[in-house]
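Shown here: coords.cif, mmCIF, C-alpha atoms.
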data_work
loop_
_atom_site.label_atom_id
_atom_site.label_comp_id
_atom_site.auth_asym_id
_atom_site.auth_seq_id
_atom_site.Cartn_x
_atom_site.Cartn_y
_atom_site.Cartn_z
CA MET V 743 36.16 12.64 24.88
CA LYS V 744 35.27 14.26 21.54
CA LEU V 745 37.17 13.41 18.32
CA ALA V 746 38.98 16.76 18.15
CA GLU V 747 40.09 16.39 21.76
CA GLN V 748 41.47 12.87 21.08
CA ILE V 749 43.49 14.16 18.10
CA ALA V 750 44.90 17.02 20.17
CA THR V 751 45.89 14.60 22.95
CA LEU V 752 47.71 12.28 20.52
CA LYS V 753 49.68 15.19 19.03
CA SER V 754 50.65 16.35 22.51
CA ASN V 755 51.82 12.84 23.48
CA ILE V 756 53.89 12.51 20.28
CA LYS V 757 55.59 15.87 20.94
CA SER V 758 56.27 14.91 24.57
CA LYS V 759 58.02 11.67 23.55
CA GLN V 760 60.00 13.48 20.84
CA ASP V 761 61.19 15.95 23.48
CA GLN V 762 62.35 13.01 25.64
CA ILE V 763 64.40 11.62 22.73
CA ILE V 764 66.05 15.03 22.20
CA GLU V 765 66.87 15.25 25.90
CA LYS V 766 68.34 11.72 26.12
CA SER V 767 70.45 11.95 22.97
CA GLY V 768 71.51 15.57 23.47
CA GLY V 769 74.06 14.89 26.23
CA ALA V 770 76.01 12.30 24.22
CA ILE V 771 75.92 14.35 21.02
CA SER V 772 77.30 17.44 22.82
CA LYS V 773 80.34 15.32 23.90
CA GLY V 774 80.90 14.02 20.36
CA VAL V 775 79.99 10.43 21.27
CA THR V 776 77.05 8.09 20.60
CA PRO V 777 74.55 7.22 23.35
CA ASP V 778 75.38 4.20 25.49
CA GLU V 779 73.47 0.95 25.11
CA ALA V 780 70.98 1.69 27.92
CA THR V 781 70.15 5.17 26.53
CA GLU V 782 69.92 3.79 22.98
CA ALA V 783 67.43 1.15 24.16
CA GLU V 784 65.26 3.84 25.79
CA ILE V 785 65.35 5.97 22.61
CA LYS V 786 64.31 3.00 20.46
CA GLY V 787 61.42 2.31 22.85
CA LEU V 788 60.26 5.92 22.52
CA ASP V 789 60.53 5.69 18.71
CA ALA V 790 58.30 2.60 18.73
CA GLU V 791 55.68 4.37 20.92
CA ILE V 792 55.75 7.41 18.60
CA GLU V 793 55.06 5.21 15.56
CA VAL V 794 52.05 3.67 17.32
CA LEU V 795 50.75 7.13 18.28
CA LYS V 796 51.22 8.39 14.70
CA GLY V 797 49.23 5.44 13.42
CA ASN V 798 46.35 6.27 15.77
CA LEU V 799 46.61 9.96 14.82
CA GLU V 800 46.41 9.17 11.11
CA ARG V 801 43.34 6.99 11.69
CA LEU V 802 41.47 9.66 13.70
CA GLU V 803 42.34 12.44 11.24
CA GLY V 804 40.93 10.27 8.44
CA ILE V 805 37.67 9.85 10.37
CA GLU V 806 37.54 13.61 10.97
CA LYS V 807 37.85 14.34 7.23
CA SER V 808 35.15 11.78 6.38
CA GLN V 809 32.68 13.27 8.86
CA ALA V 810 33.32 16.76 7.51
CA ALA V 811 32.51 15.52 4.01
CA TRP V 812 29.35 13.70 5.16
CA ALA V 813 28.07 16.78 7.01
CA ASN V 814 27.57 18.59 3.71
CA GLY V 815 25.14 15.96 2.39
CA THR V 816 23.23 14.68 5.46
CA THR V 817 20.53 16.00 7.80
CA PRO V 818 21.42 15.95 11.51
CA VAL V 819 18.86 14.49 13.88
CA ALA V 820 16.99 17.18 15.79
CA GLY V 821 14.08 17.39 18.23
CA ASN V 822 13.27 16.28 21.76
CA THR V 823 11.10 13.26 20.90
CA ALA V 824 11.46 10.17 18.71
CA LYS V 825 8.87 11.56 16.28
CA ASP V 826 10.70 14.91 16.02
CA GLY V 827 13.97 13.07 15.34
CA LEU V 828 12.41 10.91 12.63
CA ASP V 829 10.78 13.93 10.98
CA SER V 830 14.11 15.81 10.95
CA THR V 831 15.94 12.95 9.15
CA GLN V 832 13.20 12.91 6.49
CA GLY V 833 13.49 16.60 5.75
CA LYS V 834 10.23 17.62 7.42
CA PRO V 835 10.43 21.15 8.85
CA PRO V 836 10.13 21.47 12.63
CA VAL V 837 6.82 22.65 14.04
CA VAL V 838 7.28 26.00 15.74
CA GLN V 839 4.83 26.54 18.57
CA THR V 840 3.99 30.06 19.69
CA GLU V 841 2.08 31.17 22.75
CA SER V 842 -0.65 33.77 22.61
CA ASN V 843 -0.14 36.95 24.62
CA LEU V 844 -3.91 37.56 24.86
CA PRO V 845 -5.35 37.87 28.37
CA LYS V 846 -7.01 34.65 29.51
CA GLY V 847 -10.44 34.16 27.98
CA ILE V 848 -10.19 36.97 25.41
CA GLY V 849 -9.31 34.48 22.67
CA PHE V 850 -12.53 32.61 23.42
CA ALA V 851 -14.50 35.87 23.24
CA LEU V 852 -12.89 36.76 19.89
CA MET V 853 -13.77 33.34 18.51
CA VAL V 854 -17.41 33.69 19.57
CA LYS V 855 -17.63 37.24 18.18
CA ALA V 856 -16.18 36.28 14.80
CA MET V 857 -18.56 33.36 14.40
CA ALA V 858 -21.50 35.55 15.41
CA VAL V 859 -20.61 38.22 12.84
CA ALA V 860 -20.16 35.54 10.17
CA ALA V 861 -23.55 33.99 11.03
CA HIS V 862 -25.19 37.41 10.81
CA SER V 863 -23.69 38.02 7.35
CA LYS V 864 -25.64 35.05 5.91
CA GLY V 865 -22.57 33.67 4.16
CA ALA V 866 -21.13 36.94 2.86
CA VAL V 867 -18.04 36.41 5.01
CA ASN V 868 -16.74 33.57 7.13
CA ALA V 869 -15.31 33.71 10.63
CA ILE V 870 -11.69 33.45 9.42
CA GLN V 871 -12.15 36.50 7.18
CA VAL V 872 -13.64 38.42 10.09
CA LEU V 873 -10.65 37.53 12.27
CA ASP V 874 -8.26 38.52 9.48
CA SER V 875 -9.89 41.95 9.31
CA TRP V 876 -9.43 42.27 13.08
CA LYS V 877 -5.79 41.07 12.79
CA ALA V 878 -6.56 38.39 15.38
CA PRO V 879 -3.80 36.00 16.57
CA GLU V 880 -3.27 32.74 14.70
CA ILE V 881 -4.41 30.64 17.67
CA VAL V 882 -7.92 32.14 17.43
CA LYS V 883 -8.14 31.44 13.69
CA ASN V 884 -6.98 27.87 14.26
CA ALA V 885 -9.59 27.41 17.00
CA VAL V 886 -12.41 28.56 14.68
CA SER V 887 -11.30 26.04 12.05
CA GLN V 888 -10.94 23.28 14.64
CA LYS V 889 -14.43 23.81 16.06
CA ALA V 890 -15.82 22.42 12.80
CA LEU V 891 -14.06 19.12 13.56
CA ILE V 892 -15.98 18.52 16.80
CA GLY V 893 -17.96 15.30 16.59
CA THR V 894 -16.13 13.94 13.52
CA THR V 895 -14.56 10.48 13.62
CA THR V 896 -12.80 10.41 10.25
CA ASN V 897 -9.87 12.59 11.28
CA ALA V 898 -7.02 10.35 12.48
CA ASP V 899 -5.46 13.28 14.36
CA PHE V 900 -8.77 14.34 15.92
CA GLY V 901 -7.40 15.00 19.42
CA ALA V 902 -4.30 16.87 18.26
CA ALA V 903 -6.28 18.85 15.70
CA LEU V 904 -8.41 20.45 18.42
CA VAL V 905 -5.55 21.68 20.56
CA ASP V 906 -6.11 25.43 20.00
CA PHE V 907 -9.89 25.18 20.41
CA GLN V 908 -9.42 23.20 23.61
CA ASN V 909 -6.87 25.73 24.88
CA LEU V 910 -9.22 28.69 24.38
CA THR V 911 -12.24 26.93 25.89
CA GLY V 912 -9.97 25.71 28.70
CA GLU V 913 -9.06 29.32 29.50
CA PHE V 914 -12.76 30.18 29.70
CA ILE V 915 -13.44 27.22 32.03
CA GLU V 916 -10.48 28.33 34.18
CA LEU V 917 -11.99 31.80 34.56
CA LEU V 918 -15.39 30.28 35.28
CA ARG V 919 -13.95 28.06 38.00
CA GLY V 920 -12.76 31.14 39.82
CA GLN V 921 -16.33 32.46 39.99
CA THR V 922 -18.49 29.50 41.06
CA ALA V 923 -18.64 27.98 44.52
CA VAL V 924 -19.21 24.62 42.85
CA ASP V 925 -15.82 24.76 41.12
CA LYS V 926 -14.07 26.07 44.23
CA LEU V 927 -15.35 23.04 46.14
CA ALA V 928 -14.75 20.63 43.23
CA PRO V 929 -11.13 19.66 44.14
CA GLN V 930 -12.47 18.09 47.35
CA MET V 931 -15.37 16.28 45.62
CA ARG V 932 -15.14 12.70 44.41
CA GLU V 933 -14.52 12.89 40.68
CA VAL V 934 -16.17 10.16 38.61
CA PRO V 935 -16.74 9.68 34.87
CA PHE V 936 -20.13 10.13 33.22
CA ASN V 937 -22.46 7.12 32.78
CA VAL V 938 -20.67 4.89 35.28
CA LYS V 939 -22.49 3.22 38.19
CA MET V 940 -20.87 3.85 41.56
CA PRO V 941 -21.67 1.78 44.68
CA ALA V 942 -23.24 3.66 47.58
CA GLN V 943 -23.75 2.18 51.03
CA THR V 944 -27.33 2.65 52.19
CA GLY V 945 -27.27 0.64 55.42
CA ALA V 946 -24.80 0.43 58.29
CA VAL V 947 -22.88 -2.55 59.68
CA SER V 948 -23.54 -3.55 63.33
CA VAL V 949 -20.43 -3.41 65.51
CA GLY V 950 -20.23 -3.93 69.28
CA TRP V 951 -18.18 -5.18 72.25
CA VAL V 952 -18.35 -8.92 72.89
CA GLY V 953 -17.10 -11.16 75.64
CA GLU V 954 -15.15 -14.42 75.27
CA THR V 955 -17.22 -17.18 73.57
CA LYS V 956 -20.11 -14.73 73.20
CA ARG V 957 -22.00 -14.29 69.92
CA LYS V 958 -20.59 -11.65 67.58
CA PRO V 959 -23.02 -9.28 65.85
CA THR V 960 -23.52 -10.29 62.20
CA THR V 961 -25.25 -7.95 59.79
CA ASN V 962 -24.70 -7.23 56.15
CA PRO V 963 -24.25 -3.68 54.92
CA THR V 964 -26.76 -2.77 52.23
CA PHE V 965 -25.58 -1.13 49.04
CA GLY V 966 -27.26 0.79 46.27
CA SER V 967 -25.77 2.34 43.15
CA VAL V 968 -25.42 5.89 41.91
CA ASN V 969 -25.22 6.65 38.20
CA LEU V 970 -24.21 10.10 36.91
CA THR V 971 -25.67 10.36 33.42
CA LYS V 972 -24.44 13.07 31.11
CA SER V 973 -26.08 16.46 31.54
CA LYS V 974 -25.14 19.92 30.43
CA VAL V 975 -25.55 23.46 31.65
CA ALA V 976 -26.77 25.66 28.81
CA GLY V 977 -27.00 29.43 29.22
CA ILE V 978 -28.00 32.05 26.65
CA VAL V 979 -26.46 35.53 26.51
CA LEU V 980 -28.02 38.30 24.38
CA LEU V 981 -25.64 40.85 22.87
CA SER V 982 -26.22 43.76 20.49
CA ASP V 983 -25.05 43.67 16.88
CA GLU V 984 -22.97 46.79 17.49
CA LEU V 985 -21.10 45.27 20.42
CA MET V 986 -20.31 42.12 18.44
CA ARG V 987 -18.99 44.06 15.45
CA PHE V 988 -16.54 46.21 17.44
CA SER V 989 -13.00 44.84 17.56
CA SER V 990 -11.72 46.37 20.77
CA PRO V 991 -10.40 45.01 24.06
CA LYS V 992 -13.28 46.66 25.94
CA ALA V 993 -15.94 44.97 23.79
CA ASP V 994 -14.14 41.61 24.07
CA GLY V 995 -13.98 42.00 27.84
CA ILE V 996 -17.70 42.79 28.10
CA ILE V 997 -18.61 39.67 26.12
CA LEU V 998 -16.26 37.50 28.18
CA ASN V 999 -17.60 38.86 31.49
CA ASP V 1000 -21.22 38.31 30.40
CA PHE V 1001 -20.44 34.71 29.54
CA VAL V 1002 -18.64 34.00 32.80
CA LYS V 1003 -21.21 35.76 34.98
CA SER V 1004 -24.30 34.18 33.42
CA THR V 1005 -22.86 30.65 33.41
CA ALA V 1006 -21.51 30.94 36.97
CA GLU V 1007 -24.81 32.25 38.36
CA PHE V 1008 -26.79 29.49 36.70
CA ILE V 1009 -24.55 26.69 38.02
CA ASP V 1010 -24.48 27.99 41.59
CA ASN V 1011 -28.23 28.72 41.63
CA ASP V 1012 -29.06 25.14 40.66
CA PHE V 1013 -26.42 23.68 42.99
CA PHE V 1014 -27.90 25.45 46.05
CA ASP V 1015 -31.64 25.62 45.17
CA PRO V 1016 -33.49 23.35 47.67
CA THR V 1017 -36.45 23.01 45.28
CA LYS V 1018 -34.33 21.67 42.41
CA ALA V 1019 -35.07 17.96 42.05
CA GLU V 1020 -33.21 15.54 39.83
CA SER V 1021 -34.39 14.91 36.28
CA GLU V 1022 -33.06 12.96 33.35
CA ASP V 1023 -31.46 16.09 31.95
CA SER V 1024 -30.17 17.79 35.10
CA PRO V 1025 -28.88 16.99 38.60
CA ALA V 1026 -30.67 17.72 41.85
CA SER V 1027 -29.44 20.47 44.12
CA VAL V 1028 -27.19 19.33 46.95
CA LEU V 1029 -29.86 20.82 49.24
CA ASP V 1030 -32.64 18.67 47.76
CA GLY V 1031 -33.91 16.63 50.71
CA SER V 1032 -31.45 18.27 53.11
CA THR V 1033 -32.46 19.54 56.55
CA LYS V 1034 -33.41 23.20 56.75
CA ILE V 1035 -32.91 25.25 59.94
CA ASP V 1036 -35.16 28.31 60.02
CA SER V 1037 -33.52 31.48 61.28
CA SER V 1038 -34.39 32.40 64.84
CA GLY V 1039 -33.08 35.96 64.50
CA VAL V 1040 -30.49 38.22 62.93
CA THR V 1041 -28.40 39.02 65.99
CA ALA V 1042 -24.92 37.52 66.23
CA ALA V 1043 -25.93 35.27 69.12
CA ALA V 1044 -29.02 34.00 67.27
CA ILE V 1045 -27.04 33.30 64.09
CA GLU V 1046 -24.36 31.47 66.05
CA ALA V 1047 -26.96 29.30 67.79
CA ASP V 1048 -28.64 28.51 64.45
CA LEU V 1049 -25.31 27.58 62.84
CA GLU V 1050 -24.64 25.18 65.70
CA LYS V 1051 -27.93 23.47 64.83
CA VAL V 1052 -26.82 23.18 61.20
CA ILE V 1053 -23.57 21.53 62.29
CA LYS V 1054 -25.51 19.17 64.55
CA VAL V 1055 -27.57 17.95 61.58
CA LEU V 1056 -24.41 16.58 59.98
CA THR V 1057 -22.75 15.22 63.11
CA ASP V 1058 -25.95 13.49 64.27
CA ASN V 1059 -26.00 11.66 60.94
CA ASN V 1060 -22.36 10.58 61.21
CA ILE V 1061 -21.16 12.94 58.48
CA PRO V 1062 -17.54 13.90 59.26
CA LEU V 1063 -16.81 17.62 59.14
CA GLU V 1064 -13.38 17.12 57.59
CA GLY V 1065 -13.26 19.28 54.48
CA ALA V 1066 -16.63 20.90 55.25
CA SER V 1067 -17.20 24.49 54.09
CA TRP V 1068 -19.76 27.21 54.63
CA VAL V 1069 -21.18 28.89 51.53
CA MET V 1070 -22.85 32.30 51.72
CA SER V 1071 -23.36 35.47 49.72
CA ALA V 1072 -20.84 38.32 49.74
CA SER V 1073 -23.32 40.60 51.52
CA ARG V 1074 -23.93 37.99 54.23
CA ALA V 1075 -20.20 37.58 54.76
CA ALA V 1076 -19.76 41.35 55.05
CA ASN V 1077 -22.62 41.51 57.56
CA LEU V 1078 -21.09 38.80 59.75
CA SER V 1079 -17.65 40.41 59.60
CA ASN V 1080 -19.10 43.71 60.87
CA MET V 1081 -20.92 42.22 63.88
CA ARG V 1082 -19.55 43.30 67.27
CA ASP V 1083 -20.07 42.11 70.81
CA ALA V 1084 -20.98 44.31 73.80
CA ILE V 1085 -17.46 45.72 74.17
CA GLY V 1086 -16.89 46.33 70.45
CA ARG V 1087 -14.88 43.26 69.50
CA LYS V 1088 -15.57 41.29 66.30
CA TYR V 1089 -18.12 38.60 67.15
CA PHE V 1090 -16.96 36.25 64.38
CA GLU V 1091 -13.22 36.90 64.58
CA SER V 1092 -12.11 35.11 61.39
CA MET V 1093 -14.79 36.59 59.15
CA ASN V 1094 -13.28 39.20 56.83
CA ILE V 1095 -14.70 41.26 54.00
CA LYS V 1096 -11.64 40.48 51.87
CA GLY V 1097 -9.28 37.54 51.78
CA GLU V 1098 -9.72 34.17 53.46
CA LYS V 1099 -12.65 33.69 55.78
CA GLU V 1100 -13.53 31.20 58.51
CA LEU V 1101 -16.73 30.78 60.45
CA MET V 1102 -16.65 28.62 63.57
CA THR V 1103 -13.24 27.27 62.39
CA LEU V 1104 -14.63 26.10 59.02
CA PRO V 1105 -13.66 27.82 55.74
CA VAL V 1106 -16.14 30.06 53.89
CA GLU V 1107 -16.82 30.26 50.13
CA ILE V 1108 -18.76 33.08 48.48
CA SER V 1109 -21.57 32.48 46.00
CA ALA V 1110 -24.36 34.56 44.47
CA GLY V 1111 -26.55 31.44 44.52
CA VAL V 1112 -27.22 31.58 48.28
CA THR V 1113 -28.62 35.07 48.82
CA ASN V 1114 -30.99 34.12 51.66
CA LYS V 1115 -29.21 31.20 53.28
CA ILE V 1116 -25.97 29.91 54.75
CA VAL V 1117 -25.08 26.41 53.56
CA LEU V 1118 -22.82 23.86 55.21
CA VAL V 1119 -21.60 21.28 52.70
CA VAL V 1120 -19.10 18.40 52.84
CA PRO V 1121 -17.59 18.19 49.33
CA GLY V 1122 -16.12 14.74 49.97
CA GLU V 1123 -19.68 13.37 50.14
CA ILE V 1124 -20.53 14.63 46.64
CA LEU V 1125 -19.81 12.84 43.36
CA LEU V 1126 -18.83 15.10 40.46
CA ALA V 1127 -18.60 14.33 36.73
CA ASP V 1128 -17.07 17.15 34.69
CA ASP V 1129 -15.40 16.73 31.29
CA GLY V 1130 -13.90 20.24 31.48
CA GLY V 1131 -15.17 21.12 28.01
CA MET V 1132 -17.25 23.97 26.64
CA ASP V 1133 -19.19 24.49 23.42
CA PHE V 1134 -21.34 27.27 22.01
CA ALA V 1135 -23.84 28.01 19.25
CA ILE V 1136 -25.06 31.30 17.74
CA SER V 1137 -28.44 32.51 16.47
CA THR V 1138 -29.55 35.83 15.01
CA GLU V 1139 -33.21 35.08 14.20
CA ALA V 1140 -34.60 33.08 17.12
CA THR V 1141 -37.23 34.27 19.58
CA ILE V 1142 -35.94 33.92 23.13
CA ASN V 1143 -37.97 33.69 26.35
CA MET V 1144 -36.16 35.98 28.79
CA GLY V 1145 -38.82 35.40 31.47
CA THR V 1146 -40.10 32.18 33.05
CA ASP V 1147 -42.47 29.47 31.91
CA GLN V 1148 -45.16 31.02 34.10
CA ALA V 1149 -44.46 34.62 33.02
CA PRO V 1150 -42.77 34.53 29.60
CA ALA V 1151 -41.05 37.60 28.14
CA TRP V 1152 -40.37 36.91 24.47
CA VAL V 1153 -37.58 38.75 22.66
CA ASN V 1154 -37.24 38.58 18.87
CA LEU V 1155 -33.56 38.83 17.94
CA PHE V 1156 -34.14 40.02 14.37
CA GLU V 1157 -36.48 42.84 15.41
CA GLN V 1158 -34.14 44.18 18.09
CA ASN V 1159 -30.79 43.71 16.32
CA LEU V 1160 -29.58 41.20 18.88
CA MET V 1161 -27.51 38.04 18.73
CA ALA V 1162 -28.02 35.07 21.06
CA ILE V 1163 -25.05 32.96 22.09
CA ARG V 1164 -25.76 29.67 23.81
CA ALA V 1165 -22.90 28.26 25.91
CA GLU V 1166 -22.95 24.63 27.04
CA ARG V 1167 -20.88 22.87 29.66
CA PHE V 1168 -21.15 19.15 30.51
CA ILE V 1169 -21.27 18.69 34.29
CA ARG V 1170 -23.30 16.70 36.81
CA TRP V 1171 -23.17 16.11 40.55
CA LYS V 1172 -24.92 13.88 43.09
CA LYS V 1173 -24.83 13.48 46.87
CA ARG V 1174 -23.59 10.15 48.20
CA ARG V 1175 -25.65 10.65 51.35
CA VAL V 1176 -28.72 12.78 52.02
CA HIS V 1177 -27.15 14.70 54.88
CA ALA V 1178 -23.99 15.74 52.99
CA ALA V 1179 -25.34 19.30 53.33
CA ALA V 1180 -27.66 21.35 55.55
CA TYR V 1181 -28.54 25.01 55.60
CA LEU V 1182 -29.78 27.97 57.62
CA GLN V 1183 -32.72 29.69 55.91
CA PHE V 1184 -33.33 33.38 56.45
CA ALA V 1185 -36.72 35.02 55.91
#
What does the file become when written as structure tokens?
Amino acid sequence: MKLAEQIATLKSNIKSKQDQIIEKSGGAISKGVTPDEATEAEIKGLDAEIEVLKGNLERLEGIEKSQAAWANGTTPVAGNTAKDGLDSTQGKPPVVQTESNLPKGIGFALMVKAMAVAAHSKGAVNAIQVLDSWKAPEIVKNAVSQKALIGTTTNADFGAALVDFQNLTGEFIELLRGQTAVDKLAPQMREVPFNVKMPAQTGAVSVGWVGETKRKPTTNPTFGSVNLTKSKVAGIVLLSDELMRFSSPKADGIILNDFVKSTAEFIDNDFFDPTKAESEDSPASVLDGSTKIDSSGVTAAAIEADLEKVIKVLTDNNIPLEGASWVMSASRAANLSNMRDAIGRKYFESMNIKGEKELMTLPVEISAGVTNKIVLVVPGEILLADDGGMDFAISTEATINMGTDQAPAWVNLFEQNLMAIRAERFIRWKKRRVHAAAYLQFA
């Protein structure tokens, strides 16, 4: 019960007892006589109770006056955490947090654009001044300032200081994860940290039926180790000076989409390229060393028969199909969904152009990295190290090879008024077992 409520209750009790005294003494007084001994004893008892109540009332009213006086010279405790409460008693103003109303990823694009324009100005302006001229939200300005702290160890609040930068890059990663088959499968993969050895069983244990007093089979399983060293995906996007200088939602969206598309295509291409072997700097494809089934035809019946062979590769090697998924291109999925049998019914009933898809009761993911194949992969048999971070660098004077090592196509940024933005994401994967994936190869 609050202090004011206690005072009100005491006053009510005092009044009630005073009313009882008036009632008990009123009858005798109206007759011109004094109350009898029994009534007088009751009245004296009520008087004693009233004095006690008045004493309590006086005490509480004194406390109420003291608290009112203290309130004018003290700071009330505020906040939802111990630190917030301590800060409030020491006169530190509360930290007001605001949320950006920018569409996801646009803040990241603005940050990249501003730093690119600043780099191109050769020191005439900095990124914060560029953002001020664009009237960019505070979170983007904070992120630009925080990016300079990356890699420092002298800032005691290093993690907290990067919150806006991490939020903007996190939004970009979130958009990217919606575009790559790798990230769609990632929740079912076995997540591990970078640079940590993981045990991997390379030989099986012998198990069999035995009769009473008969010898039991005794073999030792053999183990190896898998180590996922740190590697990063680095993609370069070329953008015109004019596009970078425009401060408009359309220009920001173009830059964001170019980033997402180029990074997503690169990751999926390497993940599903059978010729991609492991190196110190990059992981092998999940199809490296996997069994390939050559297409026997493009009719529905031929494709179905070939897919059964792909499934058999995994089951023959004791790879459980729990969590397994097909991965194919959007055009391949559309082709399968349009196939009909002799009486016009859909041949692959659960294959749809839009929405969820299933092929032979297994879910289907879409990727641009598998244009000429259908892949069957078991994510639970793949180790994944991903720190969820993103970084970028900008150049306006480099010469970029937009071709291949065998057929280079050099582009000079300065000559063509272009800017190059290099985005980097730390990620690495590795199969636990060779037959964690198999694929159907089309001509």
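Of the listed residues V:Leu799, V:Ala1185, V:Val979, V:Val1117, the one whose atoms come nearest to V:Asp1036 is V:Ala1185, with distances taken using only C-alpha atoms.
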| Of the candidates V:Met1081, V:Leu985, V:Val886, V:Met1102, which one gets nearest to V:Asp906 if we count only C-alpha atoms? |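 Closest to V:Asp906, using only C-alpha atoms: V:Val886.
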| field | Non-local contacts of stretch 998-1003 of chain V (8 Å; all atoms listed in the file; under 2 positions in same chain excluded) as a list of chain:residue names | value |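 That gives V:Gly847, V:Ile848, V:Phe850, V:Ala851, V:Phe914, V:Leu917, V:Leu918, V:Gln921, V:Val979, V:Asp994, V:Gly995, V:Ile996, V:Thr1005, V:Ala1006, V:Glu1007, V:Ala1165.
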| message | Can you translate the PyMOL selection byres ((chain V and resi 1107-1112) around 9) into the concrete residues it hits in this file, as a VMD selection string? | response | chain V and resid 921 to 924 926 to 927 1006 to 1015 1067 to 1072 1075 1098 to 1099 1105 to 1106 1113 to 1117
Can you spell out as an mmCIF file with C-alpha atoms, in the coordinates of the input the set of residues that the PyMOL selection byres ((chain V and resi 1055) around 12) selects in the structure I just provided?
data_model
loop_
_atom_site.group_PDB
_atom_site.id
_atom_site.type_symbol
_atom_site.label_atom_id
_atom_site.label_comp_id
_atom_site.auth_asym_id
_atom_site.auth_seq_id
_atom_site.Cartn_x
_atom_site.Cartn_y
_atom_site.Cartn_z
ATOM 1 C CA SER V 1032 -31.450 18.270 53.110
ATOM 2 C CA THR V 1033 -32.460 19.540 56.550
ATOM 3 C CA LYS V 1034 -33.410 23.200 56.750
ATOM 4 C CA ILE V 1035 -32.910 25.250 59.940
ATOM 5 C CA ASP V 1048 -28.640 28.510 64.450
ATOM 6 C CA LEU V 1049 -25.310 27.580 62.840
ATOM 7 C CA GLU V 1050 -24.640 25.180 65.700
ATOM 8 C CA LYS V 1051 -27.930 23.470 64.830
ATOM 9 C CA VAL V 1052 -26.820 23.180 61.200
ATOM 10 C CA ILE V 1053 -23.570 21.530 62.290
ATOM 11 C CA LYS V 1054 -25.510 19.170 64.550
ATOM 12 C CA LEU V 1056 -24.410 16.580 59.980
ATOM 13 C CA THR V 1057 -22.750 15.220 63.110
ATOM 14 C CA ASP V 1058 -25.950 13.490 64.270
ATOM 15 C CA ASN V 1059 -26.000 11.660 60.940
ATOM 16 C CA ASN V 1060 -22.360 10.580 61.210
ATOM 17 C CA ILE V 1061 -21.160 12.940 58.480
ATOM 18 C CA PRO V 1062 -17.540 13.900 59.260
ATOM 19 C CA LEU V 1063 -16.810 17.620 59.140
ATOM 20 C CA VAL V 1117 -25.080 26.410 53.560
ATOM 21 C CA LEU V 1118 -22.820 23.860 55.210
ATOM 22 C CA VAL V 1119 -21.600 21.280 52.700
ATOM 23 C CA VAL V 1176 -28.720 12.780 52.020
ATOM 24 C CA HIS V 1177 -27.150 14.700 54.880
ATOM 25 C CA ALA V 1178 -23.990 15.740 52.990
ATOM 26 C CA ALA V 1179 -25.340 19.300 53.330
ATOM 27 C CA ALA V 1180 -27.660 21.350 55.550
ATOM 28 C CA TYR V 1181 -28.540 25.010 55.600
ATOM 29 C CA LEU V 1182 -29.780 27.970 57.620
#
| query | Expressed in Å to a single decimal, how great is the separation between atom CA of V:Ala856 and atom CA of V:Ile870? | reply |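 We find that atom CA of V:Ala856 and atom CA of V:Ile870 lie 7.6 Å from each other.
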| field | Distance of atom CA of V:Gly1031 from atom CA of V:Trp1171, expressed in Å to one decimal place | value | 14.8 Å
Evaluated on this file, the PyMOL selection byres ((chain V and resi 1148-1159) around 12) picks out some residues - which ones are they, written as an mmCIF file with C-alpha atoms, in the coordinates of the input?
data_model
loop_
_atom_site.group_PDB
_atom_site.id
_atom_site.type_symbol
_atom_site.label_atom_id
_atom_site.label_comp_id
_atom_site.auth_asym_id
_atom_site.auth_seq_id
_atom_site.Cartn_x
_atom_site.Cartn_y
_atom_site.Cartn_z
ATOM 1 C CA HIS V 862 -25.190 37.410 10.810
ATOM 2 C CA VAL V 979 -26.460 35.530 26.510
ATOM 3 C CA LEU V 980 -28.020 38.300 24.380
ATOM 4 C CA LEU V 981 -25.640 40.850 22.870
ATOM 5 C CA SER V 982 -26.220 43.760 20.490
ATOM 6 C CA ASP V 983 -25.050 43.670 16.880
ATOM 7 C CA GLU V 984 -22.970 46.790 17.490
ATOM 8 C CA LEU V 985 -21.100 45.270 20.420
ATOM 9 C CA MET V 986 -20.310 42.120 18.440
ATOM 10 C CA ARG V 987 -18.990 44.060 15.450
ATOM 11 C CA ILE V 1136 -25.060 31.300 17.740
ATOM 12 C CA SER V 1137 -28.440 32.510 16.470
ATOM 13 C CA THR V 1138 -29.550 35.830 15.010
ATOM 14 C CA GLU V 1139 -33.210 35.080 14.200
ATOM 15 C CA ALA V 1140 -34.600 33.080 17.120
ATOM 16 C CA THR V 1141 -37.230 34.270 19.580
ATOM 17 C CA ILE V 1142 -35.940 33.920 23.130
ATOM 18 C CA ASN V 1143 -37.970 33.690 26.350
ATOM 19 C CA MET V 1144 -36.160 35.980 28.790
ATOM 20 C CA GLY V 1145 -38.820 35.400 31.470
ATOM 21 C CA THR V 1146 -40.100 32.180 33.050
ATOM 22 C CA ASP V 1147 -42.470 29.470 31.910
ATOM 23 C CA LEU V 1160 -29.580 41.200 18.880
ATOM 24 C CA MET V 1161 -27.510 38.040 18.730
ATOM 25 C CA ALA V 1162 -28.020 35.070 21.060
ATOM 26 C CA ILE V 1163 -25.050 32.960 22.090
#
| field | Atomic separation - atom CA of V:Gly849 relative to atom CA of V:Ala885, Å | value |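 That distance, rounded to one decimal, is 9.1 Å.
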| said: Measuring between all atoms listed in the file, which one of V:Ala861, V:Ala1019, V:Ile785, V:Ala928 shows the shortest distance to V:Asp761? | reply: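 Under the stated criterion, the closest residue is V:Ile785.
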| message | List as a list in words the protein and nucleic acid residues near V:Asn868, meaning an atom at most 12 Å away when only C-alpha atoms are counted, but skip any in the same chain fewer than 3 places from it. | response |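 Near neighbours after the sequence-gap exclusion: Met853, Lys855, Ala856, Met857, Ala858, Val859, Ala860, Ala861, His862, Ser863, Lys864, Gly865, Gln871, Val872, Leu873, Asp874, Ser875, Lys883, Val886 and Ser887 of chain V.
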